[in-house]
Amino acid sequence: MPGGARDTLGAMEIMTVRGHALPTRLTVLLREGRWRHPGDAELARLIPWFEDPLDFLGSTQAMERESRSMDLFADDPLSLDLFHEVRGSTRPAPVELPWLDVEQALLIAVNRRPGDDVALALDYRTDPADPRVVGSDFWTNPRQCAWREVAPAFSSFADSLGL
């Protein structure tokens, strides 16, 4: 990376959502206005099992607002088995996929159609600097959501989409 670009990244303000620093690549994409949905066909190529259309969240405010829904599902015992979202700090053992630890996640894309309740999230359990991307899977078993890995790191997700 040329010195100028390195200096720019080094001086860049860290963006956070729910207390998590966004990956540098996502911060750059947001600041440059390049964090945009690549099109349904391109997303389907990368995530063939994901059937419902998504909208990418274009600001930290939108990510913060939409991510609050995870708190509702994690706190509602009736939703626990449907959405597979829990607070890891309340569990005796580490929470692993297909469960999502809502304290270690934030939403980056959500359902385009109201009521679909599907999303892509950054999952910080793997790497706080370059978290994996996971998606909600309601299609394998329509009676419950299982969170599945979409990409092992946000950087590889962005690379796969040409962002």
# chains A, B, ... in the order shown; residues from 1 in each chain; ligands from 1
$ residues_around --residues "region 12-18 of chain A" --least-positions-apart "6" --cutoff "10 Å" --atoms "only C-alpha atoms" --output "MDAnalysis selection string"
chainID A and resid 6 24 26:28 30:31 59:65 67:68 102:107
$ residues_around --residues "region 34-44 of chain A" --least-positions-apart "5" --cutoff "9 Å" --atoms "only C-alpha atoms" --output "list in words"
Leu26, Thr27, Val28, Leu29, Trp49, Phe50, Glu51, Pro53, Leu54, Asp55, Phe56, Leu57, Gly58, Ala109, Leu161, Gly162 and Leu163 of chain A
$ write_last_selection --atoms "N, CA and C atoms" --output "PDB file, in the first residue's frame"
ATOM      1  N   LEU A  26     -14.742  -2.350   5.601  1.00  0.00           N
ATOM      2  CA  LEU A  26     -16.119  -1.867   5.615  1.00  0.00           C
ATOM      3  C   LEU A  26     -16.160  -0.365   5.888  1.00  0.00           C
ATOM      4  N   THR A  27     -15.308   0.105   6.778  1.00  0.00           N
ATOM      5  CA  THR A  27     -15.233   1.540   7.067  1.00  0.00           C
ATOM      6  C   THR A  27     -14.893   2.321   5.803  1.00  0.00           C
ATOM      7  N   VAL A  28     -13.909   1.835   5.051  1.00  0.00           N
ATOM      8  CA  VAL A  28     -13.509   2.505   3.807  1.00  0.00           C
ATOM      9  C   VAL A  28     -14.668   2.477   2.808  1.00  0.00           C
ATOM     10  N   LEU A  29     -15.320   1.332   2.653  1.00  0.00           N
ATOM     11  CA  LEU A  29     -16.445   1.219   1.724  1.00  0.00           C
ATOM     12  C   LEU A  29     -17.576   2.182   2.099  1.00  0.00           C
ATOM     13  N   TRP A  49     -27.890 -20.599  -1.188  1.00  0.00           N
ATOM     14  CA  TRP A  49     -28.949 -21.095  -0.304  1.00  0.00           C
ATOM     15  C   TRP A  49     -29.825 -19.975   0.257  1.00  0.00           C
ATOM     16  N   PHE A  50     -29.399 -18.726   0.105  1.00  0.00           N
ATOM     17  CA  PHE A  50     -30.136 -17.592   0.662  1.00  0.00           C
ATOM     18  C   PHE A  50     -31.182 -17.157  -0.348  1.00  0.00           C
ATOM     19  N   GLU A  51     -32.451 -17.338  -0.042  1.00  0.00           N
ATOM     20  CA  GLU A  51     -33.502 -17.174  -1.046  1.00  0.00           C
ATOM     21  C   GLU A  51     -34.186 -15.813  -1.065  1.00  0.00           C
ATOM     22  N   PRO A  53     -34.590 -11.601  -0.889  1.00  0.00           N
ATOM     23  CA  PRO A  53     -33.767 -10.433  -1.232  1.00  0.00           C
ATOM     24  C   PRO A  53     -33.373  -9.630   0.004  1.00  0.00           C
ATOM     25  N   LEU A  54     -32.187  -9.036  -0.067  1.00  0.00           N
ATOM     26  CA  LEU A  54     -31.618  -8.251   1.031  1.00  0.00           C
ATOM     27  C   LEU A  54     -31.345  -6.825   0.596  1.00  0.00           C
ATOM     28  N   ASP A  55     -31.282  -5.934   1.569  1.00  0.00           N
ATOM     29  CA  ASP A  55     -30.786  -4.582   1.383  1.00  0.00           C
ATOM     30  C   ASP A  55     -29.557  -4.420   2.265  1.00  0.00           C
ATOM     31  N   PHE A  56     -28.480  -3.865   1.718  1.00  0.00           N
ATOM     32  CA  PHE A  56     -27.295  -3.575   2.512  1.00  0.00           C
ATOM     33  C   PHE A  56     -27.573  -2.332   3.346  1.00  0.00           C
ATOM     34  N   LEU A  57     -27.105  -2.322   4.575  1.00  0.00           N
ATOM     35  CA  LEU A  57     -27.291  -1.174   5.472  1.00  0.00           C
ATOM     36  C   LEU A  57     -26.159  -0.180   5.218  1.00  0.00           C
ATOM     37  N   GLY A  58     -26.507   1.031   4.796  1.00  0.00           N
ATOM     38  CA  GLY A  58     -25.539   1.985   4.295  1.00  0.00           C
ATOM     39  C   GLY A  58     -24.942   2.957   5.288  1.00  0.00           C
ATOM     40  N   ALA A 109     -26.821  -6.397   6.575  1.00  0.00           N
ATOM     41  CA  ALA A 109     -27.820  -6.460   5.504  1.00  0.00           C
ATOM     42  C   ALA A 109     -29.074  -7.098   6.087  1.00  0.00           C
ATOM     43  N   LEU A 161     -17.446 -10.203  -3.725  1.00  0.00           N
ATOM     44  CA  LEU A 161     -18.456  -9.350  -4.369  1.00  0.00           C
ATOM     45  C   LEU A 161     -17.833  -8.229  -5.208  1.00  0.00           C
ATOM     46  N   GLY A 162     -16.515  -8.191  -5.246  1.00  0.00           N
ATOM     47  CA  GLY A 162     -15.849  -7.154  -6.018  1.00  0.00           C
ATOM     48  C   GLY A 162     -15.975  -5.770  -5.425  1.00  0.00           C
ATOM     49  N   LEU A 163     -16.110  -5.702  -4.109  1.00  0.00           N
ATOM     50  CA  LEU A 163     -16.238  -4.401  -3.436  1.00  0.00           C
ATOM     51  C   LEU A 163     -14.879  -3.902  -2.937  1.00  0.00           C
TER      52      LEU A 163
END
$ closest_residue --among "A:Ile47, A:Val134, A:Leu78, A:Ala158" --to "Leu120 (chain A)" --atoms "only C-alpha atoms"
A:Val134
$ closest_residue --among "A:Val110, A:Leu100, A:Ser69, A:Ala21" --to "Asp81 (chain A)" --atoms "only C-alpha atoms"
A:Leu100
$ closest_residue --among "A:Arg125, A:Arg143, A:Arg25, A:Arg132" --to "Gly88 (chain A)" --atoms "only C-alpha atoms"
A:Arg125
$ residues_around --residues "Glu96 (chain A)" --least-positions-apart "2" --cutoff "12 Å" --atoms "only C-alpha atoms" --output "list in words"
His84, Glu85, Val86, Arg87, Gly88, Arg91, Ala93, Pro94, Pro98, Trp99, Leu100, Asp101, Val102, Gln104, Asp123, Tyr124, Arg125, Thr126, Val134, Ala146, Trp147, Arg148 and Glu149 of chain A
$ select_by_dssp --residues "chain A" --states "helix (DSSP H, G or I)" --output "NGL selection string"
:A and (3-11 or 24-31 or 40-46 or 60-75 or 80-83 or 88-90 or 102-104 or 154-160)
$ residues_around --residues "Pro23 (chain A)" --least-positions-apart "6" --cutoff "8 Å" --atoms "only C-alpha atoms" --output "number ranges by chain"
A: 129-131, 154
$ atom_distance --atom1 "CA of Asn141 (chain A)" --atom2 "CA of Gly115 (chain A)"
17.5 Å
$ select_by_dssp --residues "region 27-138 of chain A" --states "strand (DSSP E or B)" --output "list in words"
Leu54, Asp55, Phe56, Glu85, Val86, Leu100, Asp101, Ala105, Leu106, Leu107, Ile108, Ala109, Val110, Asn111, Ala119, Leu120, Ala121, Leu122, Asp123, Arg132, Val133, Val134, Gly135, Ser136 and Asp137 of chain A
$ closest_residue --among "A:Pro114, A:Gly33, A:Arg45, A:Val95" --to "Ser160 (chain A)" --atoms "only C-alpha atoms"
A:Arg45
